[in-house]
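Since the structure comes first, as structure tokens, the remarks are kept for the end.
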Amino acid sequence: MDQAIVIVAAGRGQRAGGPTPKQWQPIAGKPVARWTLEAFAPRGRLVMVIHPDDRAMAQTVCSGLDVALVDGGATRTASVRAGLEALASDPPQTVLIHDVARPCTPSAVIDAVEQGLTSAHAAAPALPVTDALWTGADGMVTGTRDRTGLFRAQTPQGFRFDAILAAHRAHDGDAADDVAVARAAGLAVVIVPGDERNMKITGPDDFNRAARLLETRMDVRLGNGYDVHRFGPGAHVTLCGVEVPHDRGLLGHSDADVGMHAVTDALYGAMAEGDIGRHFPPSDPQWKGADSAIFLRHACDLLRARGFMISNVDVTLVCERPKIGPHAEKMMQKMSEIMQITTDRVSIKATTSEQLGFTGREEGIAALATATLVQP
């Protein structure tokens, strides 16, 4: 499905304390909003609804990501509607609406909401209430309440876009959340499993708890890639997606992009998924002369489907010529676009072999790559 994500970040977060609203405060090395955006970036188009005064901070936090910034309203409901209206001219099929202050959302929760939307107009995660419920006054218990059928609501809350946009347009006043807006419009909402880790940062103590979750829950994978291609006739070589003028070309079944091949193998390796040859056999004629970006995108799609994000990629090209330095920045930009990560997470550098070996004799080019994957 074509999907968009509306991140609600227009609140002031005064109960959390600090010099800025909580969504812009750092946690485990990044602003809260950055953690949230990165968790949802592989899931669809991103819209973040912000307070007009926060635009400069928001632009900094969104650096390198494709995020549409929309000014919010006086209430959460008004802010959500502003985000939905921003999508109305090019509507997605589904939309996830998420609180920016939930940076620890596990991938499984998002998966459950998306799965719920395959058979319903609305789906939202929740946890059943398990503690006893009291009423009280003046510091004293005045009674109890039955907890049967009670749930603690979480986000993201997912909807068929046309249905929730119509519900918001018809709704008058504020609401507890978007499920309340949907139900007021007569939409049935499927409950999917929430997660205790999907906490919302509200007070100062919550920052420490969220930081511990973000720092300890990650599955970190490391992969290595190595590739070699020999020189042959040609007027350029393709390295990391960039055509570099040279008096020879590189020979290979595809476009012989030795740098991109090494990175692709590093990503497959981190997932224990073999190498390019397993997924795109050189014996298959359809891959003759193929753009290596096809292979890299496949590896990226696979890792995201398994809940991983690319933390960083480091590439070393080994050759005497051509000179890589003048083209390295363009290569980093190209690779970051294909992998959908920021350029500060892509390192491309070169070295010679001091005229030793096949690279020293200028018979070909070698590439080594290391990739780090993280699964929140």
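Lettering and numbering for the structure tokens are positional, with chains as A, B, ... in the shown order, residues counted from 1 in each chain, and ligands counted from 1 in the shown order.
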### Message
I'd like the neighbourhood of segment 3-12 of chain A as a list in words, where a residue qualifies if any of its atoms comes within 6 Å (using only C-alpha atoms), though same-chain residues fewer than 2 positions away should be ignored.
### Response
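The residues that qualify are Met1, Gln14, Pro21, Gly44, Arg45, Leu46, Val47, Met48, Val49, Ile50, His51, Gly72, Pro92, Gln93, Thr94, Val95, Leu96, Ile97, His98, Asp99 and Val100 of chain A.
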May I have the residues within 9 Å of segment 170-185 of chain A as an mmCIF file with C-alpha atoms, in the first residue's frame, using only C-alpha atoms and disregarding those fewer than 3 positions away in the same chain?
```cif
data_model
loop_
_atom_site.group_PDB
_atom_site.id
_atom_site.type_symbol
_atom_site.label_atom_id
_atom_site.label_comp_id
_atom_site.auth_asym_id
_atom_site.auth_seq_id
_atom_site.Cartn_x
_atom_site.Cartn_y
_atom_site.Cartn_z
ATOM 1 C CA THR A 75 -4.851 21.384 19.806
ATOM 2 C CA ARG A 76 -3.554 17.931 18.952
ATOM 3 C CA THR A 77 -6.674 17.254 16.891
ATOM 4 C CA ALA A 78 -6.161 20.448 14.908
ATOM 5 C CA VAL A 80 -3.376 16.082 13.057
ATOM 6 C CA ILE A 97 -0.529 8.906 12.990
ATOM 7 C CA ALA A 122 -8.634 1.575 11.250
ATOM 8 C CA ALA A 123 -6.201 -0.239 13.554
ATOM 9 C CA ALA A 124 -4.470 0.885 16.742
ATOM 10 C CA ALA A 153 -3.961 3.264 23.997
ATOM 11 C CA GLN A 157 -2.810 4.596 14.993
ATOM 12 C CA GLY A 158 -3.449 3.571 11.414
ATOM 13 C CA PHE A 159 -6.298 4.436 9.065
ATOM 14 C CA ALA A 163 -11.838 7.678 5.913
ATOM 15 C CA ILE A 164 -9.804 9.440 8.600
ATOM 16 C CA LEU A 165 -9.556 12.679 6.603
ATOM 17 C CA ALA A 166 -13.350 12.757 6.279
ATOM 18 C CA ALA A 167 -13.702 11.956 9.982
ATOM 19 C CA ALA A 188 -14.697 0.414 13.442
ATOM 20 C CA VAL A 189 -11.208 0.229 14.961
#
```
### Query
Closest to Gly203 of chain A among A:Trp24, A:Ala101, A:Leu303, A:Gly225, using only C-alpha atoms?
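Under the stated criterion, the closest residue is A:Ala101.
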Within 10 Å of Pro26 of chain A, counting only C-alpha atoms, which residues qualify if same-chain residues fewer than 5 places away don't, as an mmCIF file with N, CA and C atoms, in the first residue's frame?
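Result file is result18.cif:
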```
data_model
loop_
_atom_site.group_PDB
_atom_site.id
_atom_site.type_symbol
_atom_site.label_atom_id
_atom_site.label_comp_id
_atom_site.auth_asym_id
_atom_site.auth_seq_id
_atom_site.Cartn_x
_atom_site.Cartn_y
_atom_site.Cartn_z
ATOM 1 N N PRO A 31 18.264 13.730 19.001
ATOM 2 C CA PRO A 31 17.007 14.308 19.479
ATOM 3 C C PRO A 31 15.894 13.268 19.443
ATOM 4 N N VAL A 32 14.947 13.404 20.365
ATOM 5 C CA VAL A 32 13.813 12.482 20.428
ATOM 6 C C VAL A 32 13.149 12.352 19.060
ATOM 7 N N ALA A 33 12.896 13.484 18.409
ATOM 8 C CA ALA A 33 12.201 13.460 17.115
ATOM 9 C C ALA A 33 12.993 12.700 16.064
ATOM 10 N N ARG A 34 14.317 12.751 16.118
ATOM 11 C CA ARG A 34 15.123 12.049 15.117
ATOM 12 C C ARG A 34 14.944 10.534 15.251
ATOM 13 N N TRP A 35 14.940 10.041 16.500
ATOM 14 C CA TRP A 35 14.703 8.618 16.718
ATOM 15 C C TRP A 35 13.358 8.207 16.107
ATOM 16 N N PHE A 207 12.990 10.334 30.241
ATOM 17 C CA PHE A 207 14.134 10.407 29.337
ATOM 18 C C PHE A 207 15.137 9.293 29.635
ATOM 19 N N ALA A 211 16.084 6.265 27.162
ATOM 20 C CA ALA A 211 17.483 6.113 26.753
ATOM 21 C C ALA A 211 17.960 4.691 26.977
#
```
### Message
With only C-alpha atoms as the counted atoms, please give the residues lying no more than 10 Å from Asp227 of chain A, apart from itself and same-chain residues fewer than 2 positions off, as a PyMOL selection string.
### Response
chain A and resi 225+229+256-263+265+317+365-369
### Query
So, counting only C-alpha atoms, which residue among A:Thr352, A:Asn312, A:Gln154, A:Ser283 is closest to Ala126 of chain A?
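Residue with the minimum atom-to-atom distance to Ala126 of chain A: A:Gln154.
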### Query
Which polymer residues have any atom within 12 Å of an atom of Leu213 of chain A, counting only C-alpha atoms, with same-chain residues fewer than 6 positions away left out, as an MDAnalysis selection string?
chainID A and resid 27:28 35 102:106 196:199 206:207 376
#### Entry: Closest of A:Val67, A:Ile191, A:Pro91, A:Val220 to Gln115 of chain A - atom-to-atom distances counting only C-alpha atoms
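Looking at the shortest contact to Gln115 of chain A, the residue is A:Ile191.
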#### Entry: Among the residues A:Pro125, A:Gly73, A:Glu329, A:Arg230, the one that comes closest to Val113 of chain A [using only C-alpha atoms]
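Among A:Pro125, A:Gly73, A:Glu329, A:Arg230, it is A:Pro125 that comes nearest to Val113 of chain A.
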### Query
From the set A:Gly232, A:Glu354, A:Leu69, A:Gly18, which residue has the shortest atom-to-atom contact distance to Leu251 of chain A, counting only C-alpha atoms?
A:Gly232
### Task
Mind giving me the straight-line distance from atom CA of Met339 of chain A to atom CA of Asp219 of chain A in Å, one decimal?
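Going from atom CA of Met339 of chain A over to atom CA of Asp219 of chain A covers 19.3 Å.
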#### Entry: Ala371 of chain A surroundings by only C-alpha atoms, 7 Å radius, close-in-sequence under 2 positions cut, as a list in words
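Counting only the stated atoms, we get Leu222, Gly223, Asn224, Ala266, Leu267, Asn312, Val313, Asp314, Ala369 and Leu373 of chain A.
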### Task
Name the residues in contact with segment 127-129 of chain A at a cut-off of 7 Å, using only C-alpha atoms, excluding same-chain residues fewer than 3 positions from it; report them as a ChimeraX atom specification.
/A:147,150-153,193-195
Write the selection just made, keeping N, CA, C and O atoms, as a PDB file, in the first residue's frame?
```pdb
ATOM      1  N   ARG A 147     -11.741  -3.407  35.710  1.00  0.00           N
ATOM      2  CA  ARG A 147     -10.792  -3.189  34.618  1.00  0.00           C
ATOM      3  C   ARG A 147     -11.093  -4.046  33.394  1.00  0.00           C
ATOM      4  O   ARG A 147     -10.390  -3.958  32.383  1.00  0.00           O
ATOM      5  N   LEU A 150     -10.776  -2.859  29.536  1.00  0.00           N
ATOM      6  CA  LEU A 150     -10.083  -1.578  29.454  1.00  0.00           C
ATOM      7  C   LEU A 150      -8.690  -1.770  28.852  1.00  0.00           C
ATOM      8  O   LEU A 150      -8.002  -2.750  29.149  1.00  0.00           O
ATOM      9  N   PHE A 151      -8.300  -0.804  28.021  1.00  0.00           N
ATOM     10  CA  PHE A 151      -7.004  -0.863  27.348  1.00  0.00           C
ATOM     11  C   PHE A 151      -6.290   0.472  27.465  1.00  0.00           C
ATOM     12  O   PHE A 151      -6.927   1.525  27.525  1.00  0.00           O
ATOM     13  N   ARG A 152      -4.931   0.409  27.462  1.00  0.00           N
ATOM     14  CA  ARG A 152      -4.100   1.600  27.412  1.00  0.00           C
ATOM     15  C   ARG A 152      -3.721   1.854  25.959  1.00  0.00           C
ATOM     16  O   ARG A 152      -3.040   1.043  25.334  1.00  0.00           O
ATOM     17  N   ALA A 153      -4.169   2.966  25.414  1.00  0.00           N
ATOM     18  CA  ALA A 153      -3.961   3.264  23.997  1.00  0.00           C
ATOM     19  C   ALA A 153      -2.530   3.694  23.718  1.00  0.00           C
ATOM     20  O   ALA A 153      -1.881   4.352  24.536  1.00  0.00           O
ATOM     21  N   PRO A 193      -1.832  -5.722  19.105  1.00  0.00           N
ATOM     22  CA  PRO A 193      -0.992  -5.721  20.311  1.00  0.00           C
ATOM     23  C   PRO A 193      -0.054  -4.518  20.394  1.00  0.00           C
ATOM     24  O   PRO A 193       0.647  -4.200  19.437  1.00  0.00           O
ATOM     25  N   GLY A 194      -0.063  -3.877  21.553  1.00  0.00           N
ATOM     26  CA  GLY A 194       0.912  -2.838  21.839  1.00  0.00           C
ATOM     27  C   GLY A 194       2.140  -3.440  22.495  1.00  0.00           C
ATOM     28  O   GLY A 194       2.342  -4.653  22.474  1.00  0.00           O
ATOM     29  N   ASP A 195       2.971  -2.603  23.075  1.00  0.00           N
ATOM     30  CA  ASP A 195       4.204  -3.081  23.686  1.00  0.00           C
ATOM     31  C   ASP A 195       4.581  -2.130  24.812  1.00  0.00           C
ATOM     32  O   ASP A 195       4.492  -0.913  24.655  1.00  0.00           O
TER      33      ASP A 195
END
```
### Query
Can you list, as a ChimeraX atom specification, every residue of segment 79-140 of chain A that DSSP puts in strand (DSSP E or B)?
/A:94-99,122-128,133-137,140
### From A:Gln25, A:Ile324, A:Arg345, A:Gly149, residue lying nearest Val244 of chain A [only C-alpha atoms]
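Of all the options, A:Ile324 lies closest to Val244 of chain A.
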### Task
Could you please determine the separation between atom CA of Glu320 of chain A and atom CA of Lys288 of chain A in Å, to one decimal place?
27.3 Å
